[in-house]
file target20.cif (mmCIF, C-alpha atoms)
data_entry
#
loop_
_atom_site.label_atom_id
_atom_site.label_comp_id
_atom_site.auth_asym_id
_atom_site.auth_seq_id
_atom_site.Cartn_x
_atom_site.Cartn_y
_atom_site.Cartn_z
CA MET A 2 49.26 98.53 87.78
CA ASN A 3 52.16 96.16 87.17
CA ILE A 4 55.09 98.22 85.98
CA LEU A 5 58.03 96.41 84.38
CA PHE A 6 61.39 98.09 83.99
CA ASP A 7 64.41 97.33 81.86
CA ILE A 8 67.73 97.91 83.70
CA ASP A 9 70.59 98.94 81.35
CA ASP A 10 70.35 102.53 80.06
CA THR A 11 66.85 102.71 81.57
CA LEU A 12 67.60 102.76 85.31
CA PHE A 13 71.28 103.71 85.08
CA PRO A 14 73.69 104.94 82.38
CA SER A 15 75.05 101.49 81.59
CA SER A 16 76.83 102.44 78.34
CA GLU A 17 78.60 105.36 80.01
CA PHE A 18 79.80 103.25 82.92
CA SER A 19 81.04 100.51 80.59
CA ALA A 20 83.04 103.05 78.58
CA LEU A 21 84.41 104.59 81.79
CA ALA A 22 85.33 101.15 83.19
CA ARG A 23 87.35 100.36 80.05
CA LYS A 24 89.02 103.76 80.12
CA ASN A 25 89.95 103.43 83.79
CA ALA A 26 91.28 99.92 83.16
CA LEU A 27 93.52 100.98 80.27
CA ASN A 28 94.75 104.02 82.21
CA ALA A 29 95.58 101.74 85.15
CA MET A 30 97.72 99.58 82.83
CA ILE A 31 99.56 102.69 81.61
CA GLY A 32 99.93 103.85 85.22
CA MET A 33 101.49 100.49 86.03
CA GLY A 34 104.18 101.22 83.43
CA LEU A 35 102.75 99.93 80.15
CA ASP A 36 104.41 102.08 77.48
CA HIS A 37 101.79 101.98 74.75
CA ASP A 38 99.49 104.43 72.96
CA TYR A 39 96.09 104.74 74.69
CA ASN A 40 94.06 104.90 71.48
CA ASP A 41 95.69 101.78 70.10
CA LEU A 42 94.99 99.94 73.38
CA ASN A 43 91.38 101.09 73.22
CA GLU A 44 90.92 99.87 69.63
CA ARG A 45 92.45 96.49 70.43
CA LEU A 46 90.25 96.09 73.53
CA ASP A 47 87.16 97.04 71.52
CA ALA A 48 87.99 94.37 68.96
CA ILE A 49 88.50 91.73 71.68
CA ILE A 50 85.17 92.62 73.34
CA LYS A 51 83.40 92.47 69.96
CA GLU A 52 84.91 89.08 69.19
CA LYS A 53 84.54 87.41 72.61
CA GLY A 54 81.36 89.10 73.85
CA PRO A 55 80.72 91.05 77.05
CA ASN A 56 80.44 88.03 79.37
CA TYR A 57 83.95 86.78 78.53
CA ALA A 58 86.17 87.17 81.61
CA ARG A 59 89.67 87.39 80.16
CA HIS A 60 89.67 90.46 77.91
CA PHE A 61 92.76 91.94 79.54
CA ASP A 62 94.63 88.62 79.44
CA ASP A 63 94.01 88.56 75.68
CA LEU A 64 95.09 92.19 75.29
CA CYS A 65 98.41 91.47 77.07
CA LYS A 66 98.92 88.40 74.87
CA GLU A 67 98.35 90.47 71.72
CA LEU A 68 100.91 93.01 72.92
CA LYS A 69 103.35 90.15 73.66
CA ILE A 70 103.85 91.31 77.25
CA MET A 71 106.17 88.82 78.96
CA LYS A 72 105.03 89.35 82.57
CA PRO A 73 101.40 90.37 82.28
CA ALA A 74 100.17 89.72 85.86
CA ARG A 75 100.72 93.29 87.08
CA PHE A 76 98.89 94.77 84.07
CA ILE A 77 95.99 92.31 84.20
CA ALA A 78 95.59 92.86 87.96
CA SER A 79 95.63 96.66 87.67
CA ALA A 80 93.20 96.65 84.73
CA VAL A 81 90.76 94.23 86.37
CA ALA A 82 90.86 96.12 89.70
CA ALA A 83 90.11 99.47 88.02
CA TYR A 84 87.42 97.87 85.84
CA HIS A 85 85.65 96.23 88.79
CA ASP A 86 85.92 99.33 90.97
CA THR A 87 84.19 101.38 88.29
CA LYS A 88 81.49 98.74 87.80
CA ALA A 89 80.99 98.63 91.59
CA SER A 90 80.37 102.40 91.69
CA ILE A 91 77.39 102.51 89.31
CA ALA A 92 74.59 104.85 90.35
CA PRO A 93 71.02 105.18 89.08
CA TYR A 94 69.82 108.05 86.87
CA PRO A 95 69.12 110.86 89.38
CA LYS A 96 65.31 110.65 89.47
CA VAL A 97 65.09 106.82 89.53
CA PRO A 98 64.95 106.16 93.31
CA LEU A 99 62.39 108.90 93.97
CA THR A 100 60.23 107.76 91.05
CA LEU A 101 60.29 104.15 92.25
CA ILE A 102 59.35 105.05 95.82
CA LYS A 103 56.49 107.27 94.61
CA LEU A 104 55.14 104.44 92.45
CA LYS A 105 55.30 102.14 95.48
CA GLU A 106 53.44 104.74 97.58
CA GLU A 107 50.71 104.74 94.94
CA ASN A 108 50.44 100.95 95.42
CA HIS A 109 51.78 99.89 92.05
CA SER A 110 53.73 96.64 91.80
CA LEU A 111 57.18 97.02 90.28
CA PHE A 112 59.11 94.38 88.34
CA ILE A 113 62.28 94.01 86.32
CA ALA A 114 62.28 92.59 82.78
CA THR A 115 65.85 92.36 81.51
CA ASN A 116 68.08 90.46 79.11
CA GLY A 117 71.29 88.91 80.39
CA ASN A 118 72.87 86.73 83.03
CA SER A 119 70.82 86.49 86.26
CA VAL A 120 73.68 86.99 88.70
CA LYS A 121 75.07 89.95 86.71
CA GLN A 122 71.68 91.66 86.48
CA TRP A 123 71.04 91.10 90.21
CA ASP A 124 74.50 92.50 90.92
CA LYS A 125 73.52 95.70 89.11
CA LEU A 126 70.27 96.07 91.11
CA ILE A 127 72.18 95.56 94.36
CA ARG A 128 74.96 98.00 93.35
CA LEU A 129 72.28 100.55 92.40
CA GLY A 130 70.67 100.09 95.82
CA ILE A 131 67.19 99.58 94.35
CA GLU A 132 66.72 95.81 94.55
CA LEU A 133 64.08 95.97 97.29
CA TYR A 134 61.66 98.02 95.19
CA PHE A 135 60.93 95.10 92.89
CA ASP A 136 58.47 92.30 93.67
CA ARG A 137 60.00 89.99 91.08
CA VAL A 138 62.92 90.10 88.69
CA PHE A 139 62.52 88.45 85.28
CA VAL A 140 65.85 87.78 83.55
CA SER A 141 66.04 86.24 80.08
CA GLU A 142 68.45 83.59 81.36
CA ASP A 143 65.77 82.29 83.75
CA ILE A 144 62.82 82.72 81.37
CA GLY A 145 64.73 80.79 78.72
CA ARG A 146 64.50 83.40 75.93
CA GLU A 147 65.59 86.98 75.28
CA LYS A 148 62.99 89.77 75.34
CA ASP A 149 60.73 88.85 72.43
CA VAL A 150 56.92 88.51 72.29
CA GLY A 151 57.20 85.06 73.91
CA PHE A 152 59.24 86.47 76.78
CA TYR A 153 56.55 89.05 77.60
CA LYS A 154 53.75 86.47 77.25
CA LYS A 155 55.58 84.21 79.67
CA VAL A 156 55.99 87.11 82.14
CA LEU A 157 52.25 87.88 81.92
CA GLU A 158 51.56 84.22 82.65
CA LEU A 159 53.90 84.22 85.64
CA LEU A 160 52.28 87.39 86.97
CA GLY A 161 48.79 86.05 86.34
CA ALA A 162 48.01 89.46 84.83
CA ARG A 163 46.20 90.71 81.73
CA PRO A 164 48.34 92.74 79.25
CA GLY A 165 46.32 95.93 79.83
CA GLU A 166 47.25 95.84 83.53
CA CYS A 167 50.98 95.95 82.67
CA VAL A 168 53.32 98.75 81.62
CA MET A 169 56.75 98.08 80.11
CA VAL A 170 59.35 100.85 80.53
CA GLY A 171 62.63 100.71 78.58
CA ASP A 172 65.14 102.49 76.35
CA ARG A 173 65.19 100.09 73.39
CA GLU A 174 62.69 99.70 70.58
CA ASP A 175 63.85 96.19 69.67
CA ALA A 176 63.83 94.55 73.12
CA ASP A 177 61.59 96.75 75.27
CA ILE A 178 58.92 98.37 73.08
CA ILE A 179 58.09 96.42 69.89
CA PRO A 180 57.75 92.90 71.38
CA SER A 181 55.99 94.00 74.58
CA LYS A 182 53.53 96.09 72.54
CA LYS A 183 52.83 93.02 70.39
CA ALA A 184 52.11 91.09 73.59
CA GLY A 185 49.55 93.77 74.47
CA LEU A 186 51.37 95.69 77.22
CA ILE A 187 51.24 99.46 77.57
CA THR A 188 54.64 100.74 76.49
CA VAL A 189 56.75 103.66 77.71
CA ARG A 190 59.98 104.48 75.92
CA VAL A 191 62.56 106.52 77.80
CA LEU A 192 65.03 108.35 75.56
CA THR A 193 68.21 107.62 77.52
CA GLY A 194 71.46 105.84 76.66
CA LYS A 195 73.09 105.21 73.33
CA HIS A 196 69.85 104.25 71.54
CA ALA A 197 68.09 107.53 72.41
CA HIS A 198 68.17 108.64 68.75
CA VAL A 199 66.08 105.67 67.50
CA PRO A 200 62.49 106.83 66.68
CA SER A 201 59.90 105.72 69.22
CA THR A 202 56.81 103.62 68.43
CA ALA A 203 55.80 103.37 72.10
CA ASP A 204 52.45 104.45 73.53
CA HIS A 205 54.28 107.07 75.55
CA THR A 206 57.72 108.58 75.05
CA ILE A 207 59.57 110.37 77.85
CA ARG A 208 62.98 112.01 78.34
CA ASP A 209 63.26 111.35 82.07
CA ILE A 210 61.98 108.49 84.17
CA SER A 211 60.12 110.88 86.51
CA GLU A 212 57.70 111.66 83.63
CA LEU A 213 56.37 108.15 84.20
CA LEU A 214 54.40 109.32 87.26
CA PRO A 215 51.74 111.45 85.47
CA ILE A 216 51.45 108.82 82.70
CA VAL A 217 50.70 106.01 85.17
CA LYS A 218 48.27 108.27 87.08
CA ASN A 219 46.21 108.79 83.91
CA LEU A 220 45.99 105.14 82.92
CA MET B 8 120.80 94.65 100.76
CA ASN B 9 118.12 92.76 98.84
CA ILE B 10 115.09 92.45 101.09
CA LEU B 11 112.40 89.96 100.14
CA PHE B 12 108.92 90.12 101.63
CA ASP B 13 106.09 87.65 101.85
CA ILE B 14 102.63 89.28 101.32
CA ASP B 15 99.82 87.46 103.19
CA ASP B 16 99.82 88.02 106.98
CA THR B 17 103.22 89.73 106.58
CA LEU B 18 102.30 92.99 104.82
CA PHE B 19 98.56 92.93 105.59
CA PRO B 20 96.18 90.94 107.83
CA SER B 21 95.15 88.51 105.12
CA SER B 22 93.48 85.95 107.39
CA GLU B 23 91.39 88.63 109.09
CA PHE B 24 90.23 90.10 105.79
CA SER B 25 89.33 86.67 104.43
CA ALA B 26 87.23 85.92 107.50
CA LEU B 27 85.59 89.35 107.27
CA ALA B 28 84.87 88.90 103.54
CA ARG B 29 83.07 85.60 104.21
CA LYS B 30 81.13 87.09 107.11
CA ASN B 31 80.05 90.11 105.04
CA ALA B 32 79.05 87.81 102.18
CA LEU B 33 76.87 85.57 104.36
CA ASN B 34 75.30 88.58 106.07
CA ALA B 35 74.51 90.05 102.64
CA MET B 36 72.67 86.82 101.72
CA ILE B 37 70.67 87.04 104.95
CA GLY B 38 70.03 90.75 104.27
CA MET B 39 68.69 89.76 100.84
CA GLY B 40 66.10 87.59 102.58
CA LEU B 41 67.77 84.22 103.05
CA ASP B 42 66.08 82.73 106.12
CA HIS B 43 68.84 80.47 107.43
CA ASP B 44 71.03 80.24 110.54
CA TYR B 45 74.29 82.19 110.15
CA ASN B 46 76.47 79.61 111.90
CA ASP B 47 75.16 76.80 109.73
CA LEU B 48 75.85 78.88 106.60
CA ASN B 49 79.36 79.58 107.86
CA GLU B 50 80.07 75.90 108.50
CA ARG B 51 78.79 74.91 105.06
CA LEU B 52 80.86 77.63 103.37
CA ASP B 53 83.97 76.55 105.30
CA ALA B 54 83.48 72.98 104.11
CA ILE B 55 83.06 74.10 100.48
CA ILE B 56 86.22 76.25 100.65
CA LYS B 57 88.15 73.35 102.20
CA GLU B 58 86.95 70.97 99.50
CA LYS B 59 87.29 73.23 96.45
CA GLY B 60 90.28 75.34 97.49
CA PRO B 61 90.61 79.15 97.73
CA ASN B 62 91.00 79.80 93.99
CA TYR B 63 87.64 78.20 93.11
CA ALA B 64 85.25 80.92 91.91
CA ARG B 65 81.80 79.44 92.60
CA HIS B 66 81.67 78.91 96.39
CA PHE B 67 78.40 80.77 96.77
CA ASP B 68 76.80 78.99 93.81
CA ASP B 69 77.61 75.71 95.55
CA LEU B 70 76.28 76.97 98.87
CA CYS B 71 72.95 77.91 97.24
CA LYS B 72 72.78 74.52 95.54
CA GLU B 73 73.36 72.78 98.90
CA LEU B 74 70.52 74.79 100.43
CA LYS B 75 68.30 73.89 97.43
CA ILE B 76 67.54 77.56 96.76
CA MET B 77 65.34 77.72 93.65
CA LYS B 78 66.25 81.25 92.49
CA PRO B 79 69.80 81.76 93.71
CA ALA B 80 70.88 84.73 91.52
CA ARG B 81 70.01 87.42 94.06
CA PHE B 82 71.85 85.60 96.85
CA ILE B 83 74.92 84.80 94.76
CA ALA B 84 75.08 88.39 93.50
CA SER B 85 74.77 89.91 96.97
CA ALA B 86 77.33 87.51 98.46
CA VAL B 87 79.88 88.03 95.68
CA ALA B 88 79.46 91.83 95.76
CA ALA B 89 80.01 91.98 99.55
CA TYR B 90 82.94 89.54 99.29
CA HIS B 91 84.69 91.51 96.55
CA ASP B 92 84.06 94.85 98.23
CA THR B 93 85.74 93.58 101.39
CA LYS B 94 88.67 92.15 99.43
CA ALA B 95 88.99 95.47 97.57
CA SER B 96 89.29 97.37 100.85
CA ILE B 97 92.36 95.58 102.22
CA ALA B 98 94.92 97.83 103.93
CA PRO B 99 98.51 97.16 104.99
CA TYR B 100 99.58 96.67 108.61
CA PRO B 101 99.93 100.25 109.91
CA LYS B 102 103.74 100.53 109.87
CA VAL B 103 104.26 98.81 106.50
CA PRO B 104 104.28 101.83 104.11
CA LEU B 105 106.58 103.90 106.33
CA THR B 106 108.97 100.98 106.82
CA LEU B 107 109.14 100.33 103.07
CA ILE B 108 109.83 103.97 102.21
CA LYS B 109 112.57 104.18 104.86
CA LEU B 110 114.24 101.05 103.49
CA LYS B 111 114.11 102.62 100.00
CA GLU B 112 115.65 105.83 101.36
CA GLU B 113 118.50 103.73 102.76
CA ASN B 114 119.03 102.37 99.20
CA HIS B 115 117.95 98.82 99.83
CA SER B 116 116.28 96.91 97.00
CA LEU B 117 112.89 95.48 97.89
CA PHE B 118 111.28 92.38 96.41
CA ILE B 119 108.23 90.18 96.89
CA ALA B 120 108.52 86.40 97.33
CA THR B 121 105.06 84.88 97.57
CA ASN B 122 103.09 81.71 96.93
CA GLY B 123 99.98 81.85 94.78
CA ASN B 124 98.45 83.03 91.55
CA SER B 125 100.34 85.92 89.90
CA VAL B 126 97.35 88.09 89.05
CA LYS B 127 95.81 87.58 92.51
CA GLN B 128 99.06 88.47 94.30
CA TRP B 129 99.56 91.54 92.08
CA ASP B 130 95.98 92.54 92.81
CA LYS B 131 96.79 92.52 96.54
CA LEU B 132 99.89 94.72 96.07
CA ILE B 133 97.86 97.19 93.98
CA ARG B 134 94.96 97.23 96.47
CA LEU B 135 97.47 97.80 99.30
CA GLY B 136 98.93 100.72 97.33
CA ILE B 137 102.51 99.47 97.75
CA GLU B 138 103.27 97.90 94.35
CA LEU B 139 105.75 100.59 93.32
CA TYR B 140 108.13 99.92 96.23
CA PHE B 141 109.18 96.58 94.79
CA ASP B 142 111.81 96.13 92.08
CA ARG B 143 110.60 92.65 91.21
CA VAL B 144 107.80 90.37 92.31
CA PHE B 145 108.48 86.64 92.49
CA VAL B 146 105.32 84.53 92.57
CA SER B 147 105.41 80.74 92.85
CA GLU B 148 103.17 80.42 89.79
CA ASP B 149 105.82 82.13 87.65
CA ILE B 150 108.82 80.47 89.29
CA GLY B 151 107.22 77.07 88.78
CA ARG B 152 107.37 75.89 92.39
CA GLU B 153 106.02 76.89 95.80
CA LYS B 154 108.41 78.47 98.33
CA ASP B 155 110.86 75.65 99.02
CA VAL B 156 114.68 75.68 98.99
CA GLY B 157 114.63 75.45 95.18
CA PHE B 158 112.33 78.49 94.94
CA TYR B 159 114.75 80.64 96.94
CA LYS B 160 117.78 79.34 94.99
CA LYS B 161 116.02 80.26 91.76
CA VAL B 162 115.26 83.75 93.11
CA LEU B 163 118.94 84.22 94.08
CA GLU B 164 119.90 83.20 90.54
CA LEU B 165 117.39 85.64 89.00
CA LEU B 166 118.68 88.44 91.24
CA GLY B 167 122.33 87.52 90.52
CA ALA B 168 122.89 87.86 94.27
CA ARG B 169 124.73 85.86 96.93
CA PRO B 170 122.57 84.48 99.79
CA GLY B 171 124.32 86.66 102.40
CA GLU B 172 123.19 89.79 100.53
CA CYS B 173 119.55 88.79 100.87
CA VAL B 174 117.04 89.00 103.72
CA MET B 175 113.74 87.09 103.70
CA VAL B 176 110.91 88.54 105.80
CA GLY B 177 107.76 86.51 106.45
CA ASP B 178 105.23 85.18 108.95
CA ARG B 179 105.48 81.45 108.24
CA GLU B 180 108.14 78.99 109.36
CA ASP B 181 107.30 76.46 106.65
CA ALA B 182 107.30 78.71 103.58
CA ASP B 183 109.26 81.82 104.59
CA ILE B 184 111.88 80.88 107.17
CA ILE B 185 113.00 77.22 107.02
CA PRO B 186 113.55 76.90 103.24
CA SER B 187 115.08 80.37 102.76
CA LYS B 188 117.47 79.77 105.68
CA LYS B 189 118.51 76.48 104.05
CA ALA B 190 119.22 78.43 100.85
CA GLY B 191 121.52 80.68 102.91
CA LEU B 192 119.42 83.84 103.20
CA ILE B 193 119.24 85.95 106.36
CA THR B 194 115.80 85.33 107.85
CA VAL B 195 113.41 87.60 109.74
CA ARG B 196 110.22 86.17 111.17
CA VAL B 197 107.41 88.56 111.93
CA LEU B 198 104.90 87.26 114.49
CA THR B 199 101.69 88.37 112.77
CA GLY B 200 98.65 86.52 111.46
CA LYS B 201 97.23 83.17 112.39
CA HIS B 202 100.62 81.39 112.57
CA ALA B 203 102.08 83.86 115.11
CA HIS B 204 102.07 81.16 117.83
CA VAL B 205 104.45 78.83 115.92
CA PRO B 206 107.97 78.95 117.51
CA SER B 207 110.52 80.87 115.43
CA THR B 208 113.79 79.43 114.11
CA ALA B 209 114.65 82.61 112.20
CA ASP B 210 117.84 84.65 112.62
CA HIS B 211 115.70 87.52 113.87
CA THR B 212 112.17 87.53 115.27
CA ILE B 213 110.05 90.68 115.44
CA ARG B 214 106.51 91.60 116.49
CA ASP B 215 106.10 94.54 114.11
CA ILE B 216 107.49 95.13 110.62
CA SER B 217 109.06 98.46 111.72
CA GLU B 218 111.53 96.49 113.88
CA LEU B 219 113.12 95.45 110.61
CA LEU B 220 114.83 98.86 110.27
CA PRO B 221 117.41 98.50 113.11
CA ILE B 222 118.02 94.85 112.14
CA VAL B 223 118.88 95.76 108.53
CA LYS B 224 121.03 98.68 109.72
CA ASN B 225 123.21 96.30 111.77
CA LEU B 226 123.76 93.72 109.03
#
call {"tool": "encode", "arguments": {"input": "target20.cif", "output": "structure tokens"}}
result
Amino acid sequence: MNILFDIDDTLFPSSEFSALARKNALNAMIGMGLDHDYNDLNERLDAIIKEKGPNYARHFDDLCKELKIMKPARFIASAVAAYHDTKASIAPYPKVPLTLIKLKEENHSLFIATNGNSVKQWDKLIRLGIELYFDRVFVSEDIGREKDVGFYKKVLELLGARPGECVMVGDREDADIIPSKKAGLITVRVLTGKHAHVPSTADHTIRDISELLPIVKNL
Amino acid sequence: MNILFDIDDTLFPSSEFSALARKNALNAMIGMGLDHDYNDLNERLDAIIKEKGPNYARHFDDLCKELKIMKPARFIASAVAAYHDTKASIAPYPKVPLTLIKLKEENHSLFIATNGNSVKQWDKLIRLGIELYFDRVFVSEDIGREKDVGFYKKVLELLGARPGECVMVGDREDADIIPSKKAGLITVRVLTGKHAHVPSTADHTIRDISELLPIVKNL
């Protein structure tokens, strides 16, 4: 079997780490002497991230500008350092490494199918220490489209595989399950991350990645 | 006394960490499967850094382009992660924290006088864990000129201090000693880092930062 995995909130708790990174960054600014209410800082940062998007690199510069801080370098530096340190310490969901190695032992081929920036998504795989498990990594930036039916059809073409030989594993109905199912793949929805409450239309629905093993065995 | 310190190669072995960061980055690319001679990679990277300057952010992108790597994301990500991890692990010269705390106990005021980008220089102080020792941090980017006589005169003006009340401590004749001496400051040259071989014209010359303590006591 060819088993394709999403990364964020499927292989590691991406939403939790992002929230923690922001929290650590704001606390580092306060620790550096910024005399400002934490909740207000958090709301302002949220608004900046919503407006500029997650790939913008100067969120904390903007925050300091909004607060009219005259000498912002110390606050920007402390925030960015704490933010990056948290992002560098990401770890997979507990059962992920063992599940991946067992799938390899059973001679399945593993792949990544993810939306985002190639370098950023590779950075996550490397930080998670799981990059060597995957034969190929398909990132929307390289494929030229985000995970829609066309994305999955293109991946099938690149793999030279029929849809029934491929399993897509992910946490999101919109990007992981609905379009890949339309392209004919076997779908497995894992109920992790902030979208866990969304009803599943996948062929199989699991609560932990390790439940993938018996499913794949019975295919 | 007002005691001003340079950062790079004065408070921590900056040149050594930069060399180590590059080495770790290139080794990470090789570890990721790049089949290329290490020394050739190193020479190419050196040339790119020389051409684009140290504050350029896409050295490894350029290196991959030069090598005509088709899918560079994995190599860029592994190089940048190893590079940043090394830069995040910088530590002061062994006697630096103890010397700073002793100077504080003797009621001296400590300052930073450094060339560079404000956020980057603040990041170093934070990573070194010594940012709270300094009353003010003077970075060339904020002052509007690199460390020449005018830079030091401006710093004296900002401190409201006479030159004879100020000591400048640094590793470089050109940026730390010659111009600050011309501005009337007391100068201490510390023979650390890659410029240690350059003859000293400072009022005092030391091999280790801790030798600053008896010098300041006798002023």
call {"tool": "interface_residues", "arguments": {"input": "target20.cif", "of": "chain B", "to": "chain A", "cutoff": "6 Å", "atoms": "all atoms listed in the file", "output": "ChimeraX atom specification"}}
result
/B:80-81,84,125-126,129-130
call {"tool": "atom_distance", "arguments": {"input": "target20.cif", "atom1": "CA of Leu159 (chain A)", "atom2": "CA of Asp177 (chain A)"}}
result
18.0 Å
call {"tool": "resolve_selection", "arguments": {"input": "target20.cif", "expression": "the PyMOL selection byres ((chain B and resi 171) around 9)", "output": "list in words"}}
result
Met8, Ala168, Arg169, Pro170, Glu172, Cys173, Val174, Gly191, Leu192 and Ile193 of chain B
call {"tool": "residues_around", "arguments": {"input": "target20.cif", "residues": "Asp172 (chain A)", "least_positions_apart": "4", "cutoff": "10 Å", "atoms": "all atoms listed in the file", "output": "NGL selection string"}}
result
:A and (6-12 or 176-178 or 189-197 or 199 or 201 or 206-208)
call {"tool": "atom_distance", "arguments": {"input": "target20.cif", "atom1": "CA of Lys57 (chain B)", "atom2": "CA of Arg152 (chain B)"}}
result
21.7 Å
call {"tool": "atom_distance", "arguments": {"input": "target20.cif", "atom1": "CA of Ile76 (chain B)", "atom2": "CA of Leu41 (chain B)"}}
result
9.2 Å
call {"tool": "residues_around", "arguments": {"input": "target20.cif", "residues": "Ile56 (chain B)", "least_positions_apart": "2", "cutoff": "12 Å", "atoms": "all atoms listed in the file", "output": "compact mmCIF listing (two decimals) with C-alpha atoms, in the frame of the given file"}}
result
# COMPACT_ATOMS: atom_id res chain seq x y z
CA SER B 25 89.33 86.67 104.43
CA ALA B 26 87.23 85.92 107.50
CA ARG B 29 83.07 85.60 104.21
CA ASN B 49 79.36 79.58 107.86
CA GLU B 50 80.07 75.90 108.50
CA ARG B 51 78.79 74.91 105.06
CA LEU B 52 80.86 77.63 103.37
CA ASP B 53 83.97 76.55 105.30
CA ALA B 54 83.48 72.98 104.11
CA GLU B 58 86.95 70.97 99.50
CA LYS B 59 87.29 73.23 96.45
CA GLY B 60 90.28 75.34 97.49
CA PRO B 61 90.61 79.15 97.73
CA ASN B 62 91.00 79.80 93.99
CA TYR B 63 87.64 78.20 93.11
CA ALA B 64 85.25 80.92 91.91
CA ARG B 65 81.80 79.44 92.60
CA HIS B 66 81.67 78.91 96.39
CA PHE B 67 78.40 80.77 96.77
CA ASP B 68 76.80 78.99 93.81
CA ASP B 69 77.61 75.71 95.55
CA LEU B 70 76.28 76.97 98.87
call {"tool": "residues_near_point", "arguments": {"input": "target20.cif", "point": "(72.5, 85.7, 78.8)", "cutoff": "7 Å", "atoms": "all atoms listed in the file", "output": "list in words"}}
result
Asn116, Gly117, Asn118, Ser141 and Glu142 of chain A
call {"tool": "write_last_selection", "arguments": {"input": "target20.cif", "atoms": "C-alpha atoms", "output": "short mmCIF file (atom, residue, chain, number, x, y, z; two decimals), in the coordinates of the input"}}
result
data_model
loop_
_atom_site.label_atom_id
_atom_site.label_comp_id
_atom_site.auth_asym_id
_atom_site.auth_seq_id
_atom_site.Cartn_x
_atom_site.Cartn_y
_atom_site.Cartn_z
CA ASN A 116 68.08 90.46 79.11
CA GLY A 117 71.29 88.91 80.39
CA ASN A 118 72.87 86.73 83.03
CA SER A 141 66.04 86.24 80.08
CA GLU A 142 68.45 83.59 81.36
#
call {"tool": "residues_near_point", "arguments": {"input": "target20.cif", "point": "(91.8, 90.7, 105.5)", "cutoff": "9 Å", "atoms": "all atoms listed in the file", "output": "ChimeraX atom specification"}}
result
/B:15-16,19-28,93-94,96-98
call {"tool": "resolve_selection", "arguments": {"input": "target20.cif", "expression": "the PyMOL selection byres ((chain A and resi 184) around 8)", "output": "ChimeraX atom specification"}}
result
/A:150-151,153-154,164,180-183,185-186
call {"tool": "residues_around", "arguments": {"input": "target20.cif", "residues": "region 105-108 of chain B", "least_positions_apart": "3", "cutoff": "9 Å", "atoms": "all atoms listed in the file", "output": "PyMOL selection string"}}
result
chain B and resi 101-102+111-113+117+137+140+216-220
call {"tool": "resolve_selection", "arguments": {"input": "target20.cif", "expression": "the PyMOL selection byres ((chain A and resi 110) around 8)", "output": "PyMOL selection string"}}
result
chain A and resi 2-4+104-105+108-109+111-112+135-136
call {"tool": "closest_residue", "arguments": {"input": "target20.cif", "among": "A:Ile31, A:Cys65, A:Ile113, A:Leu42", "to": "Val170 (chain A)", "atoms": "all atoms listed in the file"}}
result
A:Ile113
call {"tool": "build_atoms", "arguments": {"input": "target20.cif", "residues": "region 139-150 of chain A", "atoms": "N, CA and C atoms", "output": "PDB file, in the frame of the given file"}}
result
ATOM      1  N   PHE A 139      62.552  89.408  86.394  1.00  0.00           N
ATOM      2  CA  PHE A 139      62.520  88.450  85.280  1.00  0.00           C
ATOM      3  C   PHE A 139      63.740  88.665  84.387  1.00  0.00           C
ATOM      4  N   VAL A 140      64.632  87.684  84.371  1.00  0.00           N
ATOM      5  CA  VAL A 140      65.850  87.780  83.550  1.00  0.00           C
ATOM      6  C   VAL A 140      65.747  86.745  82.443  1.00  0.00           C
ATOM      7  N   SER A 141      66.164  87.137  81.244  1.00  0.00           N
ATOM      8  CA  SER A 141      66.040  86.240  80.080  1.00  0.00           C
ATOM      9  C   SER A 141      66.669  84.872  80.351  1.00  0.00           C
ATOM     10  N   GLU A 142      67.797  84.867  81.071  1.00  0.00           N
ATOM     11  CA  GLU A 142      68.450  83.590  81.360  1.00  0.00           C
ATOM     12  C   GLU A 142      67.510  82.616  82.079  1.00  0.00           C
ATOM     13  N   ASP A 143      66.699  83.148  83.001  1.00  0.00           N
ATOM     14  CA  ASP A 143      65.770  82.290  83.750  1.00  0.00           C
ATOM     15  C   ASP A 143      64.520  81.943  82.936  1.00  0.00           C
ATOM     16  N   ILE A 144      64.046  82.923  82.161  1.00  0.00           N
ATOM     17  CA  ILE A 144      62.820  82.720  81.370  1.00  0.00           C
ATOM     18  C   ILE A 144      63.104  81.755  80.209  1.00  0.00           C
ATOM     19  N   GLY A 145      64.361  81.730  79.782  1.00  0.00           N
ATOM     20  CA  GLY A 145      64.730  80.790  78.720  1.00  0.00           C
ATOM     21  C   GLY A 145      64.697  81.396  77.325  1.00  0.00           C
ATOM     22  N   ARG A 146      64.454  82.710  77.228  1.00  0.00           N
ATOM     23  CA  ARG A 146      64.500  83.400  75.930  1.00  0.00           C
ATOM     24  C   ARG A 146      64.728  84.886  76.168  1.00  0.00           C
ATOM     25  N   GLU A 147      65.364  85.539  75.180  1.00  0.00           N
ATOM     26  CA  GLU A 147      65.590  86.980  75.280  1.00  0.00           C
ATOM     27  C   GLU A 147      64.262  87.716  75.050  1.00  0.00           C
ATOM     28  N   LYS A 148      64.253  89.010  75.343  1.00  0.00           N
ATOM     29  CA  LYS A 148      62.990  89.770  75.340  1.00  0.00           C
ATOM     30  C   LYS A 148      62.333  89.864  73.960  1.00  0.00           C
ATOM     31  N   ASP A 149      61.563  88.839  73.634  1.00  0.00           N
ATOM     32  CA  ASP A 149      60.730  88.850  72.430  1.00  0.00           C
ATOM     33  C   ASP A 149      59.267  88.737  72.872  1.00  0.00           C
ATOM     34  N   VAL A 150      58.349  88.589  71.930  1.00  0.00           N
ATOM     35  CA  VAL A 150      56.920  88.510  72.290  1.00  0.00           C
ATOM     36  C   VAL A 150      56.693  87.362  73.279  1.00  0.00           C
TER      37      VAL A 150
END
